[in-house]
Number of protein chains: 2
Amino acid sequence: MSMDELKRRLAQVSDLRAAAGLLSWDQETQMPPEAARVRGLQLATLEGLAHELFTGARTGELLVAAEGMEADETEAALLRVTRRDHARATRLPTEFVEESARARNEAHHAWMDARQHSRFATFAPHLERMIELARRQADLLGYDEHPYDALLDEYEPGMRASQVQPVFADLRGRTLPLLRRIVAAGDAVDYGVLTRPFAPEAQKAFAWRVAGEAFGLHAGFARQDESAHPFQTNFSRSDLRITTRVEAYWPACLFGTWHETGHAMYERGVSERWERTPVSRGASLGVHESQSRMFENLLGRSLPFWERYFPLLAGAAPEVTAGLDAAALYRAVNRVRPSLIRVEADEVTYNFHVMLRFELELALLEGSLSVRDLPEAWNARMQEYLGLTPPDDAQGVLQDIHWSAGLIGYFPTYTLGNLLSVQLLEAARQDPAVAAGLQQAEYGPLLGWLVEHVHQHGRSRTPGEIIESATGQGLSADPYVAYLHAKYGDIYSLK
Amino acid sequence: MSMDELKRRLAQVSDLRAAAGLLSWDQETQMPPEAARVRGLQLATLEGLAHELFTGARTGELLVAAEGMEADETEAALLRVTRRDHARATRLPTEFVEESARARNEAHHAWMDARQHSRFATFAPHLERMIELARRQADLLGYDEHPYDALLDEYEPGMRASQVQPVFADLRGRTLPLLRRIVAAGDAVDYGVLTRPFAPEAQKAFAWRVAGEAFGLHAGFARQDESAHPFQTNFSRSDLRITTRVEAYWPACLFGTWHETGHAMYERGVSERWERTPVSRGASLGVHESQSRMFENLLGRSLPFWERYFPLLAGAAPEVTAGLDAAALYRAVNRVRPSLIRVEADEVTYNFHVMLRFELELALLEGSLSVRDLPEAWNARMQEYLGLTPPDDAQGVLQDIHWSAGLIGYFPTYTLGNLLSVQLLEAARQDPAVAAGLQQAEYGPLLGWLVEHVHQHGRSRTPGEIIESATGQGLSADPYVAYLHAKYGDIYSLK
């Protein structure tokens with residue numbers, strides 16, 4: 001009885017959020033520009049009604065009444081996840097939520113302006129406000145060890161800063177020497193190929209075709225559009241939308257598409273039994289990122305992949321492949337070079353960008369670093385890790401949208417995703433069919449393994465449970481470090 | 001106080017309906033096919049929540065409390081329209097609404113099947129059910145003269161069957177002789193031009209460009225997409241969406257686009273002061289259709305229009321215009337020929353299709369015609385009016401979606417729109433700037449006149465008030481009949 005009412009209510013919340021998702025997708029990909037103001041009001045209404053329905057007293061009563069009434073593991077997981085979300089949502093008073101939304105809105109506009117003029121000072125008071133709100137949010141949500149844990153838990157349930165720190169330290173300690181050797185080896189490959197002429201429509205068509213043939217994303221349940229910043233969203237497991245961006249640097253479109261394909265196929269794989277419930281999503285941002293980075297990098301930037309798809313690329317863009325073979329293209333798309341911008345970084349340097357942000361976030365939250373001193377601290381770490389100093393704040397501390405959107409505690413999930421992607425692929429490779437498939441860029445067996453061990457569970461298992469059951473281990477930097485050494489030792493002929 | 005709460009509530013209802021509108025638009029134009037099932041559930045949730053919010057007891061209380069509190073004409077119109085909608089909506093019990101929705105859903109599937117196999121018998125029991133539900137709905141809503149009035153009032157507020165009948169009889173009596181003379185004159189023009197090769201993308205681009213240049217529909221606040229059946233929808237006056245369909249018979253795309261442009265520009269013109277309220281829509285289906293038919297036919301199928309846009313068409317599709325001039329093209333796109341299918345009918349024969357349906361609906365509702373005898377009655381009238389007998393029911397009584405969707409009382413608005421389109425254009429022509437513009441296919445002055453006399457008022461005036469104040473007359477067939485005689489007397493060289 002109360003279980004049925006609870007499910008109906010959760011389905012309504014899910015439908016409202018799906019509708020809001022579609023309004024946002026439309027805004028980024030289809031909407032006429034003058035529609036923006038009213039669209040903002042419409043989105044606020046949908047999100048407000050969803051929040052009201054979910055946090056309303058009746059939901060709490062139904063959760064209490066459903067106690068012990070679960071008929072099976074499906075309902076048990078539904079109650080577990082709903083209780084967790086409901087507890088978090090009701091711990092934040094409406095006034096705090098509204099104050100945060102207003103402050104984020106102001107901070108976002110200030111950040112856009114500050115970045116455009118590369119003037120950190122105009123963003124600084126807003127960032128101070130974001131840090132203060134993050135501290136209050138952590139206090140409202142509660143934590144055992146560190147306020148950071150309360151924030152990180154939103155994106156990576158159960159993860160603590162004290163677990164992240166040693167893993168990151170280990171990763172840093174073993175990747176920095178590798179990076180220095182690669183830099184010393186210099187550019188052994190002609191990277192001009194990465195900006196050879198490649199018609200925008202042909203880029204998108206090639207990326208989409210391979211997303212289907214290699215990774216299983218098809219027009220029956222998915223579509224591809226363009227947007228200023230690539231993203232994945234979905235309104236059910238049969239309605240997946242990915243976006244991409246086309247640039248002169250054509251790998252942005254190709255690998256960006258396959259990155260979002262990884263996110264989409266994760267959502268596609270969640271069991272239908274949790275349709276229109278809060279369980280029907282990836283387990284965490286880190287696990288999600290492990291799928292996108294696996295498709296983008298471990299598969300899309302592998303030699304067998306290009307041995308298989310080089311002829312297709314040659315057909316789609318003969319000017320790009322002229323004079324090259326699969327091995328040369330493989331080396332080109334795996335160029336390693338310290339750079340200033342996170343989203344353009346390669347597999348070796350990317351995690352340094354993340355570690356830097358994580359360390360600064362911790363220091364800001366603890367108060368050991370002031371916002372005023374942040375640009376200097378940023379630049380010092382960039383010099384230490386990557387040997388570079390940003391010429392201005394726009395290419396330094398102002399480059400990411402996250403802090404202006406109140407997303408503090410989010411960055412570590414990018415690196416957790418990288419580490420986990422290799423842990424999962426190594427575990428999957430123990431299956432001979434998966435291993436044989438990988439050699440031929442035939443990813444059906446791998447996809448089956450991922451659905452079984454990761455995707456189908458949605459949020460019914462915690463990230464920790466998924467990692468443990470799928471790999472038999474906890475989070476570790478070892479497999480990722482070994483992967484980097486093997487791959488780039490070979491490409492850069494390191495001894 | 002209560003006025004503010006009422007406005008907030010109405011804005012929420014409006015936002016939910018706009019979101020449902022976007023979900024529907026997306027379904028017809030963008031959505032991957034496998035998403036259909038869950039999309040149906042999501043739409044039902046949004047519509048259900050909107051209905052609940054609008055008909056809930058609190059809305060009734062707020063309407064009572066707001067009595068006499070209106071600060072100005074804007075709020076007075078808001079209360080008037082909201083009271084009308086609220087009264088109608090609350091007169092239909094939830095069980096009746098749900099029963100109707102289920103029956104419509106079944107009838108729609110039965111109709112699709114029946115039409116595909118051209119077998120009226122399988123649709124007949126569902127149509128009987130639709131008629132029975134329509135009678136019950138009329139009883140629930142109430143009426144003075146005829147149950148049909150209660151249904152017609154939904155689409156054409158204030159209009160009665162007894163007002164429609166003499167106007168339609170007058171129209172029929174004076175158009176039928178004209179049609180017989182045209183048919184006797186025979187085909188004086190080479191209509192092969194209407195199916196000359198015209199690339200699909202070029203068709204859409206030409207239609208869209210003219211929608212902008214001639215009629216003012218621009219990408220800043222509108223977009224054009226393809227769908228199986230053309231339609232207009234919008235989610236605010238700055239977010240207008242029209243769809244079109246491309247066929248070998250290229251006028252379908254061009255005139256279809258300009259038809260939907262007429263609908264869109266009406267919605268665009270509604271005053272911003274009623275944003276996110278029930279007033280912010282066209283006054284009725286008939287008034288709406290007067291705008292779409294004006295753009296499509298009175299302007300788009302006029303000689304000055306083609307004198308101006310023929311060179312543009314020649315540039316876009318030289319194969320289409322080869323050997324022709326503007327006058328020849330004008331005659332070709334105005335071909336008159338009795339045909340079986342309403343949506344393909346010309347300006348002279350179209351209204352016969354509508355009158356036939358109106359008469360049959362009245363007889364079905366009164367019980368003087370049984371559903372069993374409907375195909376025969378249909379075919380007899382087709383023979384009487386247009387001299388044709390459908391070879392099968394798919395091209396006869398089964399051709400329209402309306403009855404399967406429970407839309408009884410809807411058809412007359414198509415002809416009301418035709419009549420009104422000429423009444424309004426003749427009134428506008430009294431303005432010298434409008435008249436001069438029409439001669440040069442320069443529609444800025446006309447659009448200004450329409451915004452002032454029709455568009456801006458939204459639903460704050462009834463259709464009757466709009467016609468009266470804009471034209472100084474009531475509904476009349478005279479101007480339309482005179483228009484047909486003048487235009488087609490000239491094209492077909494009738495004396």
# chains A, B, ... in the order shown; residues from 1 in each chain; ligands from 1
>>> interface_residues(of="chain B", to="chain A", cutoff="8 Å", atoms="only C-alpha atoms", output="ChimeraX atom specification")
/B:12,15-16,18-20,22-23,31-35,38,41-42,45-46,219-223,236,238-239
>>> residues_around(residues="Asp478 (chain B)", least_positions_apart="2", cutoff="10 Å", atoms="only C-alpha atoms", output="PyMOL selection string")
chain B and resi 167+170-171+174+419+422-423+475-476+480-483
>>> residues_around(residues="region 361-366 of chain A", least_positions_apart="2", cutoff="8 Å", atoms="only C-alpha atoms", output="PyMOL selection string")
chain A and resi 131+134-135+147-148+357-359+368-371+408-409
>>> write_last_selection(atoms="N, CA and C atoms", output="short mmCIF file (atom, residue, chain, number, x, y, z; two decimals), in the first residue's frame")
data_model
loop_
_atom_site.label_atom_id
_atom_site.label_comp_id
_atom_site.auth_asym_id
_atom_site.auth_seq_id
_atom_site.Cartn_x
_atom_site.Cartn_y
_atom_site.Cartn_z
N ILE A 131 33.02 29.12 -0.53
CA ILE A 131 33.73 28.33 0.49
C ILE A 131 32.96 28.35 1.80
N ALA A 134 30.01 26.18 1.49
CA ALA A 134 30.42 24.77 1.50
C ALA A 134 30.68 24.30 2.94
N ARG A 135 31.30 25.18 3.73
CA ARG A 135 31.54 24.82 5.14
C ARG A 135 30.22 24.62 5.88
N PRO A 147 35.34 18.09 7.08
CA PRO A 147 34.18 18.67 6.38
C PRO A 147 34.16 18.32 4.89
N TYR A 148 35.35 18.13 4.31
CA TYR A 148 35.42 17.77 2.89
C TYR A 148 34.63 16.49 2.60
N ARG A 357 43.90 20.76 -7.74
CA ARG A 357 42.61 21.33 -7.29
C ARG A 357 42.16 20.72 -5.97
N PHE A 358 42.33 19.42 -5.84
CA PHE A 358 41.93 18.74 -4.60
C PHE A 358 42.69 19.31 -3.41
N GLU A 359 44.00 19.46 -3.56
CA GLU A 359 44.81 20.00 -2.46
C GLU A 359 44.40 21.43 -2.11
N SER A 368 43.51 27.07 5.88
CA SER A 368 44.97 27.24 5.86
C SER A 368 45.41 28.01 4.61
N LEU A 369 44.53 28.16 3.66
CA LEU A 369 44.81 28.98 2.48
C LEU A 369 43.67 29.97 2.34
N SER A 370 44.00 31.24 2.09
CA SER A 370 42.95 32.23 1.88
C SER A 370 42.70 32.38 0.38
N VAL A 371 41.48 32.78 0.05
CA VAL A 371 41.13 32.96 -1.36
C VAL A 371 42.08 33.96 -2.01
N ILE A 408 32.25 21.98 -4.98
CA ILE A 408 33.49 21.75 -4.23
C ILE A 408 33.45 20.32 -3.70
N GLY A 409 34.51 19.57 -3.95
CA GLY A 409 34.51 18.15 -3.60
C GLY A 409 34.25 17.27 -4.81
#
>>> residues_around(residues="region 435-449 of chain B", least_positions_apart="3", cutoff="10 Å", atoms="only C-alpha atoms", output="MDAnalysis selection string")
chainID B and resid 213:216 265:266 269 295 299:300 302:309 424:432 452:455 470
>>> select_by_dssp(residues="region 146-228 of chain B", states="alpha helix (DSSP H)", output="PyMOL selection string")
chain B and resi 147-155+161-185+200-213
>>> atom_distance(atom1="CA of His109 (chain A)", atom2="CA of Glu47 (chain A)")
20.8 Å
>>> select_by_dssp(residues="region 145-250 of chain B", states="strand (DSSP E or B)", output="NGL selection string")
:B and (222-226 or 232-236 or 239-244)
>>> write_last_selection(atoms="N, CA and C atoms", output="PDB file, in the first residue's frame")
ATOM      1  N   ALA B 222      12.573  31.338 -32.957  1.00  0.00           N
ATOM      2  CA  ALA B 222      11.806  30.266 -33.598  1.00  0.00           C
ATOM      3  C   ALA B 222      12.741  29.265 -34.253  1.00  0.00           C
ATOM      4  N   ARG B 223      12.239  28.068 -34.507  1.00  0.00           N
ATOM      5  CA  ARG B 223      12.986  27.113 -35.305  1.00  0.00           C
ATOM      6  C   ARG B 223      12.038  26.223 -36.112  1.00  0.00           C
ATOM      7  N   GLN B 224      12.630  25.598 -37.116  1.00  0.00           N
ATOM      8  CA  GLN B 224      11.890  24.763 -38.058  1.00  0.00           C
ATOM      9  C   GLN B 224      12.471  23.351 -38.012  1.00  0.00           C
ATOM     10  N   ASP B 225      11.608  22.351 -37.925  1.00  0.00           N
ATOM     11  CA  ASP B 225      12.062  20.958 -37.947  1.00  0.00           C
ATOM     12  C   ASP B 225      11.134  20.148 -38.834  1.00  0.00           C
ATOM     13  N   GLU B 226      11.485  18.878 -39.016  1.00  0.00           N
ATOM     14  CA  GLU B 226      10.622  17.998 -39.798  1.00  0.00           C
ATOM     15  C   GLU B 226       9.830  17.080 -38.886  1.00  0.00           C
ATOM     16  N   GLN B 232       2.484  23.499 -35.264  1.00  0.00           N
ATOM     17  CA  GLN B 232       3.134  24.597 -34.564  1.00  0.00           C
ATOM     18  C   GLN B 232       2.949  24.351 -33.092  1.00  0.00           C
ATOM     19  N   THR B 233       4.001  24.596 -32.311  1.00  0.00           N
ATOM     20  CA  THR B 233       3.860  24.564 -30.862  1.00  0.00           C
ATOM     21  C   THR B 233       4.773  25.648 -30.312  1.00  0.00           C
ATOM     22  N   ASN B 234       4.582  26.020 -29.054  1.00  0.00           N
ATOM     23  CA  ASN B 234       5.476  27.029 -28.482  1.00  0.00           C
ATOM     24  C   ASN B 234       5.482  26.914 -26.981  1.00  0.00           C
ATOM     25  N   PHE B 235       6.577  27.352 -26.378  1.00  0.00           N
ATOM     26  CA  PHE B 235       6.763  27.216 -24.938  1.00  0.00           C
ATOM     27  C   PHE B 235       6.908  28.583 -24.282  1.00  0.00           C
ATOM     28  N   SER B 236       6.874  29.620 -25.101  1.00  0.00           N
ATOM     29  CA  SER B 236       6.773  31.015 -24.686  1.00  0.00           C
ATOM     30  C   SER B 236       6.705  31.794 -25.996  1.00  0.00           C
ATOM     31  N   ASP B 239       9.797  31.351 -28.004  1.00  0.00           N
ATOM     32  CA  ASP B 239      10.254  29.982 -28.242  1.00  0.00           C
ATOM     33  C   ASP B 239       9.204  29.255 -29.079  1.00  0.00           C
ATOM     34  N   LEU B 240       9.173  29.615 -30.373  1.00  0.00           N
ATOM     35  CA  LEU B 240       8.163  29.097 -31.295  1.00  0.00           C
ATOM     36  C   LEU B 240       8.770  27.995 -32.150  1.00  0.00           C
ATOM     37  N   ARG B 241       8.058  26.896 -32.294  1.00  0.00           N
ATOM     38  CA  ARG B 241       8.578  25.790 -33.101  1.00  0.00           C
ATOM     39  C   ARG B 241       7.557  25.418 -34.181  1.00  0.00           C
ATOM     40  N   ILE B 242       7.984  25.413 -35.410  1.00  0.00           N
ATOM     41  CA  ILE B 242       7.116  24.914 -36.465  1.00  0.00           C
ATOM     42  C   ILE B 242       7.762  23.692 -37.097  1.00  0.00           C
ATOM     43  N   THR B 243       6.929  22.783 -37.599  1.00  0.00           N
ATOM     44  CA  THR B 243       7.484  21.627 -38.299  1.00  0.00           C
ATOM     45  C   THR B 243       6.879  21.568 -39.690  1.00  0.00           C
ATOM     46  N   THR B 244       7.553  20.847 -40.554  1.00  0.00           N
ATOM     47  CA  THR B 244       7.107  20.727 -41.922  1.00  0.00           C
ATOM     48  C   THR B 244       7.399  19.318 -42.401  1.00  0.00           C
TER      49      THR B 244
END
>>> residues_around(residues="Leu494 (chain A)", least_positions_apart="4", cutoff="10 Å", atoms="only C-alpha atoms", output="number ranges by chain")
A: 178, 181-182, 185, 485-486, 488-490
>>> write_last_selection(atoms="N, CA, C and O atoms", output="PDB file, in the first residue's frame")
ATOM      1  N   LEU A 178      57.983   9.471 -14.402  1.00  0.00           N
ATOM      2  CA  LEU A 178      57.652   9.037 -15.762  1.00  0.00           C
ATOM      3  C   LEU A 178      57.456  10.247 -16.666  1.00  0.00           C
ATOM      4  O   LEU A 178      57.985  10.300 -17.783  1.00  0.00           O
ATOM      5  N   ARG A 181      60.677  11.840 -17.671  1.00  0.00           N
ATOM      6  CA  ARG A 181      61.415  11.084 -18.696  1.00  0.00           C
ATOM      7  C   ARG A 181      60.795  11.287 -20.073  1.00  0.00           C
ATOM      8  O   ARG A 181      61.492  11.385 -21.078  1.00  0.00           O
ATOM      9  N   ILE A 182      59.446  11.340 -20.108  1.00  0.00           N
ATOM     10  CA  ILE A 182      58.763  11.557 -21.391  1.00  0.00           C
ATOM     11  C   ILE A 182      59.129  12.934 -21.956  1.00  0.00           C
ATOM     12  O   ILE A 182      59.475  13.078 -23.132  1.00  0.00           O
ATOM     13  N   ALA A 185      62.449  12.946 -23.364  1.00  0.00           N
ATOM     14  CA  ALA A 185      62.542  12.232 -24.647  1.00  0.00           C
ATOM     15  C   ALA A 185      62.119  13.114 -25.806  1.00  0.00           C
ATOM     16  O   ALA A 185      62.447  12.841 -26.968  1.00  0.00           O
ATOM     17  N   HIS A 485      53.119   3.280 -17.521  1.00  0.00           N
ATOM     18  CA  HIS A 485      54.511   2.911 -17.791  1.00  0.00           C
ATOM     19  C   HIS A 485      54.613   2.025 -19.028  1.00  0.00           C
ATOM     20  O   HIS A 485      55.490   2.227 -19.880  1.00  0.00           O
ATOM     21  N   ALA A 486      53.717   1.053 -19.129  1.00  0.00           N
ATOM     22  CA  ALA A 486      53.790   0.142 -20.271  1.00  0.00           C
ATOM     23  C   ALA A 486      53.508   0.882 -21.571  1.00  0.00           C
ATOM     24  O   ALA A 486      54.259   0.799 -22.547  1.00  0.00           O
ATOM     25  N   TYR A 488      53.332   4.249 -22.366  1.00  0.00           N
ATOM     26  CA  TYR A 488      54.155   5.387 -22.791  1.00  0.00           C
ATOM     27  C   TYR A 488      55.631   5.039 -22.819  1.00  0.00           C
ATOM     28  O   TYR A 488      56.404   5.675 -23.554  1.00  0.00           O
ATOM     29  N   GLY A 489      56.043   4.009 -22.048  1.00  0.00           N
ATOM     30  CA  GLY A 489      57.411   3.503 -22.179  1.00  0.00           C
ATOM     31  C   GLY A 489      57.631   3.031 -23.605  1.00  0.00           C
ATOM     32  O   GLY A 489      58.677   3.270 -24.217  1.00  0.00           O
ATOM     33  N   ASP A 490      56.602   2.391 -24.147  1.00  0.00           N
ATOM     34  CA  ASP A 490      56.689   1.878 -25.511  1.00  0.00           C
ATOM     35  C   ASP A 490      56.659   3.025 -26.533  1.00  0.00           C
ATOM     36  O   ASP A 490      57.503   3.116 -27.422  1.00  0.00           O
TER      37      ASP A 490
END
>>> atom_distance(atom1="CA of Gly315 (chain B)", atom2="CA of Ala199 (chain B)")
12.7 Å
>>> residues_around(residues="Leu374 (chain A)", least_positions_apart="6", cutoff="12 Å", atoms="only C-alpha atoms", output="list in words")
Phe120, Ala121, Phe123, Ala124, Leu127, Glu128, Leu356, Arg357, Glu359, Leu360, Glu361, Ala363, Leu364, Gly367, Ser368, Ala380, Arg381, Asp393, Gly396, Val397 and Leu398 of chain A
>>> write_last_selection(atoms="all heavy atoms", output="compact mmCIF listing (two decimals), in the first residue's frame")
# COMPACT_ATOMS: atom_id res chain seq x y z
N PHE A 120 41.07 37.83 -11.47
CA PHE A 120 40.64 37.00 -10.35
C PHE A 120 39.96 37.81 -9.25
O PHE A 120 39.03 37.34 -8.60
CB PHE A 120 41.85 36.24 -9.77
CG PHE A 120 41.48 35.35 -8.62
CD1 PHE A 120 40.82 34.14 -8.83
CD2 PHE A 120 41.78 35.72 -7.30
CE1 PHE A 120 40.46 33.32 -7.76
CE2 PHE A 120 41.42 34.90 -6.24
CZ PHE A 120 40.77 33.71 -6.47
N ALA A 121 40.43 39.06 -9.06
CA ALA A 121 39.94 39.87 -7.94
C ALA A 121 38.42 40.03 -7.96
O ALA A 121 37.79 40.02 -6.90
CB ALA A 121 40.60 41.25 -7.97
N PHE A 123 36.28 37.88 -8.97
CA PHE A 123 35.63 36.62 -8.60
C PHE A 123 35.88 36.27 -7.13
O PHE A 123 35.08 35.55 -6.51
CB PHE A 123 36.14 35.49 -9.52
CG PHE A 123 35.57 34.13 -9.21
CD1 PHE A 123 34.18 33.92 -9.13
CD2 PHE A 123 36.41 33.04 -9.00
CE1 PHE A 123 33.65 32.67 -8.86
CE2 PHE A 123 35.89 31.78 -8.72
CZ PHE A 123 34.51 31.60 -8.64
N ALA A 124 36.98 36.80 -6.57
CA ALA A 124 37.41 36.38 -5.23
C ALA A 124 36.32 36.46 -4.15
O ALA A 124 36.11 35.48 -3.43
CB ALA A 124 38.65 37.19 -4.81
N LEU A 127 33.98 33.58 -4.57
CA LEU A 127 34.57 32.30 -4.19
C LEU A 127 34.62 32.17 -2.67
O LEU A 127 34.37 31.09 -2.12
CB LEU A 127 35.97 32.16 -4.81
CG LEU A 127 36.68 30.84 -4.53
CD1 LEU A 127 35.81 29.65 -4.95
CD2 LEU A 127 38.02 30.76 -5.26
N GLU A 128 34.92 33.27 -2.01
CA GLU A 128 34.89 33.25 -0.53
C GLU A 128 33.52 32.82 -0.03
O GLU A 128 33.39 32.02 0.91
CB GLU A 128 35.25 34.63 0.04
CG GLU A 128 36.75 34.81 0.22
CD GLU A 128 37.17 36.27 0.39
OE1 GLU A 128 36.28 37.11 0.65
OE2 GLU A 128 38.37 36.55 0.23
N LEU A 356 46.12 18.96 -7.93
CA LEU A 356 46.32 20.37 -7.58
C LEU A 356 45.02 20.97 -7.04
O LEU A 356 44.99 21.59 -5.97
CB LEU A 356 46.77 21.07 -8.87
CG LEU A 356 46.94 22.55 -9.02
CD1 LEU A 356 47.84 22.80 -10.24
CD2 LEU A 356 45.63 23.28 -9.24
N ARG A 357 43.90 20.76 -7.74
CA ARG A 357 42.61 21.33 -7.29
C ARG A 357 42.16 20.72 -5.97
O ARG A 357 41.64 21.42 -5.09
CB ARG A 357 41.55 21.09 -8.38
CG ARG A 357 41.74 22.00 -9.61
CD ARG A 357 41.09 21.36 -10.82
NE ARG A 357 41.13 22.20 -12.03
CZ ARG A 357 42.20 22.36 -12.80
NH1 ARG A 357 43.35 21.78 -12.49
NH2 ARG A 357 42.14 23.12 -13.88
N GLU A 359 44.00 19.46 -3.56
CA GLU A 359 44.81 20.00 -2.46
C GLU A 359 44.40 21.43 -2.11
O GLU A 359 44.30 21.79 -0.93
CB GLU A 359 46.30 19.97 -2.85
CG GLU A 359 46.85 18.55 -2.95
CD GLU A 359 48.05 18.44 -3.88
OE1 GLU A 359 48.61 19.49 -4.26
OE2 GLU A 359 48.42 17.30 -4.24
N LEU A 360 44.13 22.23 -3.13
CA LEU A 360 43.74 23.62 -2.87
C LEU A 360 42.36 23.68 -2.20
O LEU A 360 42.13 24.49 -1.30
CB LEU A 360 43.74 24.42 -4.17
CG LEU A 360 45.12 24.57 -4.84
CD1 LEU A 360 44.99 25.30 -6.17
CD2 LEU A 360 46.09 25.32 -3.92
N GLU A 361 41.43 22.82 -2.64
CA GLU A 361 40.10 22.78 -2.03
C GLU A 361 40.19 22.44 -0.54
O GLU A 361 39.53 23.06 0.30
CB GLU A 361 39.21 21.74 -2.72
CG GLU A 361 38.63 22.18 -4.05
CD GLU A 361 37.71 21.12 -4.67
OE1 GLU A 361 37.77 19.94 -4.23
OE2 GLU A 361 36.94 21.47 -5.59
N ALA A 363 42.73 22.90 1.46
CA ALA A 363 43.35 24.01 2.18
C ALA A 363 42.37 25.17 2.36
O ALA A 363 42.32 25.80 3.42
CB ALA A 363 44.62 24.47 1.45
N LEU A 364 41.58 25.45 1.32
CA LEU A 364 40.58 26.53 1.41
C LEU A 364 39.53 26.20 2.47
O LEU A 364 39.14 27.06 3.26
CB LEU A 364 39.91 26.74 0.04
CG LEU A 364 40.73 27.42 -1.05
CD1 LEU A 364 40.05 27.27 -2.41
CD2 LEU A 364 40.95 28.90 -0.73
N GLY A 367 40.86 26.50 5.86
CA GLY A 367 41.23 27.86 6.21
C GLY A 367 42.73 28.08 6.23
O GLY A 367 43.20 29.16 6.57
N SER A 368 43.51 27.07 5.88
CA SER A 368 44.97 27.24 5.86
C SER A 368 45.41 28.01 4.61
O SER A 368 46.56 28.42 4.52
CB SER A 368 45.65 25.87 5.94
OG SER A 368 45.26 25.07 4.82
N ALA A 380 52.12 28.16 -8.18
CA ALA A 380 53.28 27.47 -7.60
C ALA A 380 53.17 25.96 -7.84
O ALA A 380 54.14 25.30 -8.21
CB ALA A 380 53.35 27.76 -6.09
N ARG A 381 51.98 25.42 -7.65
CA ARG A 381 51.80 23.97 -7.85
C ARG A 381 51.92 23.60 -9.33
O ARG A 381 52.44 22.53 -9.67
CB ARG A 381 50.45 23.53 -7.31
CG ARG A 381 50.54 23.06 -5.88
CD ARG A 381 49.27 22.35 -5.47
NE ARG A 381 49.38 21.87 -4.09
CZ ARG A 381 49.49 22.62 -3.02
NH1 ARG A 381 49.53 23.92 -3.14
NH2 ARG A 381 49.56 22.07 -1.81
N ASP A 393 45.32 34.52 -15.20
CA ASP A 393 44.44 33.70 -14.38
C ASP A 393 43.39 32.94 -15.22
O ASP A 393 42.88 31.91 -14.80
CB ASP A 393 43.74 34.56 -13.33
CG ASP A 393 44.72 35.03 -12.25
OD1 ASP A 393 45.77 34.35 -12.09
OD2 ASP A 393 44.46 36.05 -11.60
N GLY A 396 44.68 29.90 -15.75
CA GLY A 396 45.08 29.28 -14.48
C GLY A 396 43.86 29.02 -13.63
O GLY A 396 42.95 28.29 -14.02
N VAL A 397 43.81 29.72 -12.53
CA VAL A 397 42.83 29.45 -11.48
C VAL A 397 41.38 29.70 -11.91
O VAL A 397 40.46 29.19 -11.29
CB VAL A 397 43.20 30.30 -10.23
CG1 VAL A 397 43.01 31.80 -10.52
CG2 VAL A 397 42.43 29.87 -9.01
N LEU A 398 41.18 30.44 -12.98
CA LEU A 398 39.81 30.77 -13.42
C LEU A 398 39.29 29.85 -14.51
O LEU A 398 38.19 30.06 -15.05
CB LEU A 398 39.75 32.23 -13.93
CG LEU A 398 39.83 33.34 -12.88
CD1 LEU A 398 39.94 34.71 -13.57
CD2 LEU A 398 38.63 33.31 -11.95
>>> atom_distance(atom1="CA of Gln291 (chain A)", atom2="CA of Tyr414 (chain A)")
11.2 Å
>>> residues_around(residues="Val183 (chain B)", least_positions_apart="6", cutoff="10 Å", atoms="only C-alpha atoms", output="ChimeraX atom specification")
/B:177,336-338,492
>>> closest_residue(among="B:Arg245, B:Arg136, B:His353, B:Arg91", to="Met382 (chain B)", atoms="only C-alpha atoms")
B:His353
>>> closest_residue(among="A:Ala202, A:Thr349, A:Arg129, A:Ala327", to="Ala101 (chain A)", atoms="only C-alpha atoms")
A:Arg129
